[in-house]
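Peer 1: Here's a structure for you.
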Amino acid sequence: MLSSSSPSVNNRAVPVKSCIFRGSFDGQIKQNAWGEHVQKQNFYSLEDYYGFVRIGDIINVGCQDVEDCFEIPLEDFTKEDLIFLDTETTGLSGGMGTVPFVIGLGFFQGNQLVIKQYVMRDFDEEASMLHDLADEIHERRVLVSFNGKAFDWPLLESRMMYHRIPCTALGELHIDLLYPSRRIWKNKLDSCSLHFLESGILKEEREDDIPGALIPSVYFQYLNDRDEAKMKRILKHNEKDILAMVALLIHIVRLYKDSSDEMKDPYELLSFARIFESRDIDRSISIYEKCIKISDKPELVKEARKKLSLLYKRKKEYNYAVAQWEILSSRKDNMSILPLVELAKYYEHQAKDYDRALSCVNKAIDILLKRPHGQMLSIKLNEIQHRKNRLLRKKGKKEKLCQ
C-alpha cells in the first residue's frame, strides 16, 4: 500500500491563508526574489510497491546496469544520482506559448523516494517556480524521463533560457524510458504510452485518473474558477507518472539482467534477443532458443527461428543454421523466400550441391509468383532468376567435368 505525507513548513513558507484565492493544493506557498509558487512533497518508503515492483529494488540498479541497459557512460553511480522528471503543460505539441505549470521531480533521499512538485498557479509565477526547480535539479547527475528528450527537457531548457536562468548540464546524462520500452514491448502492446505500460506491464491500474489530453484545458479552467479539486487531480496524475517511471526503470534493468534465465514472456525474450544481437551473440542465441521453446505463438516462433538462423550463419555454424531454414521452409503456410534463398546460398557455396540449390531457388520462384505484381516483385524475381541461371551454368560445367 502506498503512503504519502506532507513536509514540515520551513522558513521560506508563507501562511496558506495569505494566498487563499489562488490555492495551495495541500502544499506550501514558497516565496523567493522572483515571486511565489507552490511546492508539494510526498514521500514513499523503499518497501512500497508500484504495480508489482518494489521501489526499494532500486538498490539493485548498479553503475554497469545503467551503462549497459541505457548506454549512459558513468564512472560511478548511486540511486541518489537519479532524478525523475515529468511535466504537465498548457499544450501537448510544444512550441511557442507552451508553458509547464506543474513540474514533478522524483529522487531518492536516504530510505525514501521523494516526489516534489512545483506548481505555477498563474503565469506570473513561472520565474519563481523555475528558479527553485533549477536549484533542485542542479544537485543530481542522471535525468530520467518518458519522452523527455523530445518534449519535457527541451521545453524546460527553453523556458529557463527565456527567464535567463543558467541551464544545468543535467540533460547530458538522460535516460528516456520511451525508447527501451518500445524496443522491448512494441510487439506485445497496442501502444507503448506510459498508460499502456502501467496496465499491461507493471499491472497497475489508476483509479479516477484524469486523461492526459484533458490536462491543458483543465488548467485553463482552473485559472478561471480556481477550483483546487481539479488541480489536485492533475497533481495526482503527475505523481503517478513519476512512480510509474521509477518502477519501469527498475523493471527494465531486472529484465536485462535476467533475460536468459528468469524471463518467461516470449515477447520479451524475442525483444531482448534482438537487443543482444550486436552485444553478445551467444546470449542472443540462447534467448532465441528459449523463446522458440516456450512460445505457443507460431508467428513469434517463426520470427525467432529466422533471427536465430542468421546468427548461426554469422558464426559459421552452418549445420544449426540449415536446421532452422529447413524447418521454416517446410511449413505448409510458408510464404517467405528467406529460408529458401539462404538454403540455396548454402548448397551453392558451402556444400556445392547445385541440384538442391536449384530446388530451393525454384520453390522461391513459385512463392514469388503467387504474390501481387509490383516493382519489388520484379526486382526479387530478377535476383532469383539471376541466381538460377548461375546455378545452371555451374551445374552444366560440373556435369561436363564428370563425363
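FYI, nothing fancy with the C-alpha cells labels: chains A, B, ... in order, residues from 1 per chain, ligands from 1 as they appear.
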Using only C-alpha atoms, which residues sit within 8 Å of A:Lys395 once same-chain residues fewer than 3 positions away are excluded, as a PyMOL selection string?
Peer 2: chain A and resi 354-355+391-392+398-399
Peer 1: The selected residues should be written to file as a CSV table (one decimal), in the first residue's frame (atoms: C-alpha atoms).
Peer 2:
chain,number,residue,atom,x,y,z
A,354,TYR,CA,23.8,-27.4,-57.2
A,355,ASP,CA,20.7,-29.7,-57.6
A,391,LEU,CA,23.5,-22.4,-60.8
A,392,LEU,CA,22.5,-23.9,-64.2
A,398,LYS,CA,30.2,-29.8,-63.3
A,399,GLU,CA,28.4,-32.4,-65.5
Peer 1: Looking at only C-alpha atoms, which of A:Leu189, A:Val53, A:Pro372, A:Gln117 is the one that sits closest to A:Gln28?
Peer 2: A:Gln117
Peer 1: Please provide as a list in words all residues within 12 Å of A:Leu381, with the sequence filter that same-chain residues fewer than 3 positions apart are discarded (counting only C-alpha atoms).
Peer 2: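 The neighbour list is Ile337, Val341, Val361, Asn362, Lys363, Ala364, Ile365, Asp366, Ile367, Leu368, Leu369, Lys370, Arg371, His373, Gly374, Gln375, Met376, Leu377, Ser378, Ile384, Gln385, His386, Arg387 and Lys388 of chain A.
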Peer 1: Using only C-alpha atoms, please write the residues we just selected to a file, as a PDB file, in the first residue's frame.
Peer 2:
ATOM      1  CA  ILE A 337      11.626 -16.797 -49.551  1.00  0.00           C
ATOM      2  CA  VAL A 341      17.329 -18.272 -50.547  1.00  0.00           C
ATOM      3  CA  VAL A 361      15.519 -21.481 -55.975  1.00  0.00           C
ATOM      4  CA  ASN A 362      12.587 -22.964 -57.885  1.00  0.00           C
ATOM      5  CA  LYS A 363      10.477 -23.090 -54.718  1.00  0.00           C
ATOM      6  CA  ALA A 364      11.332 -19.447 -54.029  1.00  0.00           C
ATOM      7  CA  ILE A 365      10.240 -18.502 -57.572  1.00  0.00           C
ATOM      8  CA  ASP A 366       6.929 -20.343 -57.077  1.00  0.00           C
ATOM      9  CA  ILE A 367       6.278 -18.355 -53.887  1.00  0.00           C
ATOM     10  CA  LEU A 368       7.103 -15.035 -55.575  1.00  0.00           C
ATOM     11  CA  LEU A 369       4.781 -15.776 -58.498  1.00  0.00           C
ATOM     12  CA  LYS A 370       1.879 -16.140 -56.048  1.00  0.00           C
ATOM     13  CA  ARG A 371       2.408 -12.606 -54.745  1.00  0.00           C
ATOM     14  CA  HIS A 373       2.624  -7.956 -59.077  1.00  0.00           C
ATOM     15  CA  GLY A 374       4.703  -4.851 -58.392  1.00  0.00           C
ATOM     16  CA  GLN A 375       8.106  -3.267 -58.793  1.00  0.00           C
ATOM     17  CA  MET A 376       9.588  -5.009 -55.750  1.00  0.00           C
ATOM     18  CA  LEU A 377       8.308  -8.363 -57.009  1.00  0.00           C
ATOM     19  CA  SER A 378      10.037  -7.805 -60.367  1.00  0.00           C
ATOM     20  CA  ILE A 384      16.311 -15.137 -58.028  1.00  0.00           C
ATOM     21  CA  GLN A 385      16.387 -15.783 -61.803  1.00  0.00           C
ATOM     22  CA  HIS A 386      19.979 -14.497 -61.918  1.00  0.00           C
ATOM     23  CA  ARG A 387      20.878 -16.963 -59.151  1.00  0.00           C
ATOM     24  CA  LYS A 388      19.106 -19.773 -61.013  1.00  0.00           C
TER      25      LYS A 388
END
Peer 1: With only C-alpha atoms as the counted atoms, please give the residues lying no more than 12 Å from A:Arg233, apart from itself and same-chain residues fewer than 2 positions off, as a PyMOL selection string.
Peer 2: chain A and resi 25+88+102+206-212+214-215+218-219+222+227-231+235-240
Peer 1: So what do you get for atom CA of A:Ala134 versus atom CA of A:Leu156, distance-wise?
Peer 2: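 So the answer is 9.9 Å.
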Peer 1: Go through A:Asp65, A:Asp152, A:Asp353, A:Asp124 and flag the residue nearest A:Pro100, using only C-alpha atoms for the distances.
Peer 2: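 Answer, going by the shortest atom-to-atom distance: A:Asp152.
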Peer 1: Any chance you could tabulate, as a tab-separated table, the residues of stretch 135-154 of chain A at most 6 Å from stretch 76-87 of chain A with each one's nearest atom pair and distance in Å to one decimal, using only C-alpha atoms, in chain and rising number order?
Peer 2:
residue	atom	partner	partner_atom	distance
A:Arg140	CA	A:Asp81	CA	5.2
A:Arg141	CA	A:Asp81	CA	5.1
A:Val142	CA	A:Leu82	CA	4.9
A:Leu143	CA	A:Ile83	CA	5.1
A:Val144	CA	A:Phe84	CA	4.6
A:Ser145	CA	A:Leu85	CA	5.3
Peer 1: Selection from above, C-alpha atoms, as a short mmCIF file (atom, residue, chain, number, x, y, z; two decimals), in the first residue's frame, can you write it?
Peer 2:
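What ended up in out-v3.cif:
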data_model
loop_
_atom_site.label_atom_id
_atom_site.label_comp_id
_atom_site.auth_asym_id
_atom_site.auth_seq_id
_atom_site.Cartn_x
_atom_site.Cartn_y
_atom_site.Cartn_z
CA ARG A 140 21.56 15.45 -9.49
CA ARG A 141 23.51 13.78 -12.32
CA VAL A 142 21.21 11.46 -14.29
CA LEU A 143 17.89 12.66 -15.66
CA VAL A 144 15.14 10.06 -16.18
CA SER A 145 12.03 10.84 -18.21
#
Peer 1: Kindly indicate which residue among A:Asp241, A:Glu342, A:Asp296, A:Glu198 lies nearest to A:Tyr267, using only C-alpha atoms for the distances.
Peer 2: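 The shortest atom-to-atom distance to A:Tyr267 comes from A:Asp296.
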Peer 1: Work out how far atom CA of A:Asn382 is from atom CA of A:Gly396, in Å to one decimal.
Peer 2: 21.0 Å
Peer 1: List every residue of stretch 90-317 of chain A that DSSP, applied to the backbone, labels as strand (DSSP E or B), and write the result as a list of chain:residue names.
Peer 2: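 These are the residues in question: A:Pro100, A:Phe101, A:Val102, A:Ile103, A:Gly104, A:Leu105, A:Gly106, A:Phe107, A:Phe108, A:Gln109, A:Gln112, A:Leu113, A:Val114, A:Ile115, A:Lys116, A:Gln117, A:Tyr118, A:Val119, A:Val142, A:Leu143, A:Val144, A:Ser145, A:His174, A:Ile175, A:Asp176.
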Peer 1: Please list as a list of chain:residue names every residue within 9 Å of A:Leu113, counting only C-alpha atoms and excluding residues in the same chain fewer than 5 positions away.
Peer 2: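 Those residues are A:Asn42, A:Phe43, A:Tyr44, A:Ser45, A:Leu46, A:Ile55, A:Gly56, A:Gly106, A:Phe107, A:Phe108.
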Peer 1: Next, the residues of the selection above should be written as a PDB file, in the first residue's frame with N, CA and C atoms.
Peer 2:
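Result written to again_2.pdb:
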ATOM      1  N   ASN A  42       5.574  14.499  -1.490  1.00  0.00           N
ATOM      2  CA  ASN A  42       5.057  13.227  -0.996  1.00  0.00           C
ATOM      3  C   ASN A  42       6.236  12.274  -0.828  1.00  0.00           C
ATOM      4  N   PHE A  43       6.142  11.408   0.162  1.00  0.00           N
ATOM      5  CA  PHE A  43       7.251  10.525   0.499  1.00  0.00           C
ATOM      6  C   PHE A  43       6.798   9.065   0.438  1.00  0.00           C
ATOM      7  N   TYR A  44       7.644   8.236  -0.152  1.00  0.00           N
ATOM      8  CA  TYR A  44       7.345   6.813  -0.280  1.00  0.00           C
ATOM      9  C   TYR A  44       8.489   6.000   0.295  1.00  0.00           C
ATOM     10  N   SER A  45       8.127   4.988   1.048  1.00  0.00           N
ATOM     11  CA  SER A  45       9.115   4.088   1.632  1.00  0.00           C
ATOM     12  C   SER A  45       9.701   3.179   0.561  1.00  0.00           C
ATOM     13  N   LEU A  46      10.902   2.696   0.796  1.00  0.00           N
ATOM     14  CA  LEU A  46      11.501   1.728  -0.119  1.00  0.00           C
ATOM     15  C   LEU A  46      10.754   0.395  -0.080  1.00  0.00           C
ATOM     16  N   ILE A  55       9.712  -0.485  -4.796  1.00  0.00           N
ATOM     17  CA  ILE A  55      10.513   0.719  -5.017  1.00  0.00           C
ATOM     18  C   ILE A  55      11.939   0.526  -4.514  1.00  0.00           C
ATOM     19  N   GLY A  56      12.084  -0.209  -3.411  1.00  0.00           N
ATOM     20  CA  GLY A  56      13.411  -0.416  -2.828  1.00  0.00           C
ATOM     21  C   GLY A  56      14.347  -1.221  -3.694  1.00  0.00           C
ATOM     22  N   GLY A 106      11.187  13.323  -9.016  1.00  0.00           N
ATOM     23  CA  GLY A 106      11.303  12.205  -8.097  1.00  0.00           C
ATOM     24  C   GLY A 106      12.770  11.916  -7.848  1.00  0.00           C
ATOM     25  N   PHE A 107      13.146  11.756  -6.594  1.00  0.00           N
ATOM     26  CA  PHE A 107      14.545  11.456  -6.271  1.00  0.00           C
ATOM     27  C   PHE A 107      14.604  10.701  -4.950  1.00  0.00           C
ATOM     28  N   PHE A 108      15.701   9.968  -4.784  1.00  0.00           N
ATOM     29  CA  PHE A 108      15.883   9.160  -3.576  1.00  0.00           C
ATOM     30  C   PHE A 108      16.707   9.937  -2.565  1.00  0.00           C
TER      31      PHE A 108
END
Peer 1: From the DSSP assignment of the backbone, select every residue of stretch 163-192 of chain A that is alpha helix (DSSP H), and format the answer as a PyMOL selection string.
Peer 2: chain A and resi 178-185
Peer 1: Could you list, as a VMD selection string, every residue within 12 Å of A:Asp333, counting only C-alpha atoms and ignoring same-chain residues fewer than 4 positions away?
Peer 2: chain A and resid 298 to 299 302 327 to 329 337 367
Peer 1: Pull N, CA and C atoms from the residues just selected and write them as a compact mmCIF listing (two decimals), in the first residue's frame.
Peer 2:
# COMPACT_ATOMS: atom_id res chain seq x y z
N PRO A 298 2.77 -19.13 -33.25
CA PRO A 298 3.51 -19.54 -34.45
C PRO A 298 4.29 -18.41 -35.12
N GLU A 299 3.69 -17.24 -35.24
CA GLU A 299 4.38 -16.15 -35.92
C GLU A 299 5.59 -15.68 -35.14
N LYS A 302 8.29 -18.26 -35.60
CA LYS A 302 8.84 -18.11 -36.94
C LYS A 302 9.88 -16.99 -36.98
N ILE A 327 13.33 -26.09 -41.26
CA ILE A 327 12.07 -26.05 -40.52
C ILE A 327 11.17 -24.95 -41.07
N LEU A 328 11.76 -23.77 -41.30
CA LEU A 328 10.97 -22.64 -41.80
C LEU A 328 10.41 -22.91 -43.20
N SER A 329 11.24 -23.46 -44.08
CA SER A 329 10.80 -23.67 -45.46
C SER A 329 9.82 -24.83 -45.60
N ILE A 337 10.56 -16.23 -48.72
CA ILE A 337 11.63 -16.80 -49.55
C ILE A 337 12.97 -16.80 -48.82
N ILE A 367 6.87 -19.21 -54.92
CA ILE A 367 6.28 -18.35 -53.89
C ILE A 367 6.12 -16.92 -54.40
Peer 1: Pick from A:Cys167, A:Leu197, A:Ile234, A:Leu173: nearest to A:Glu71, with only C-alpha atoms counted?
Peer 2: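 For A:Glu71, the nearest of the given residues is A:Leu173.
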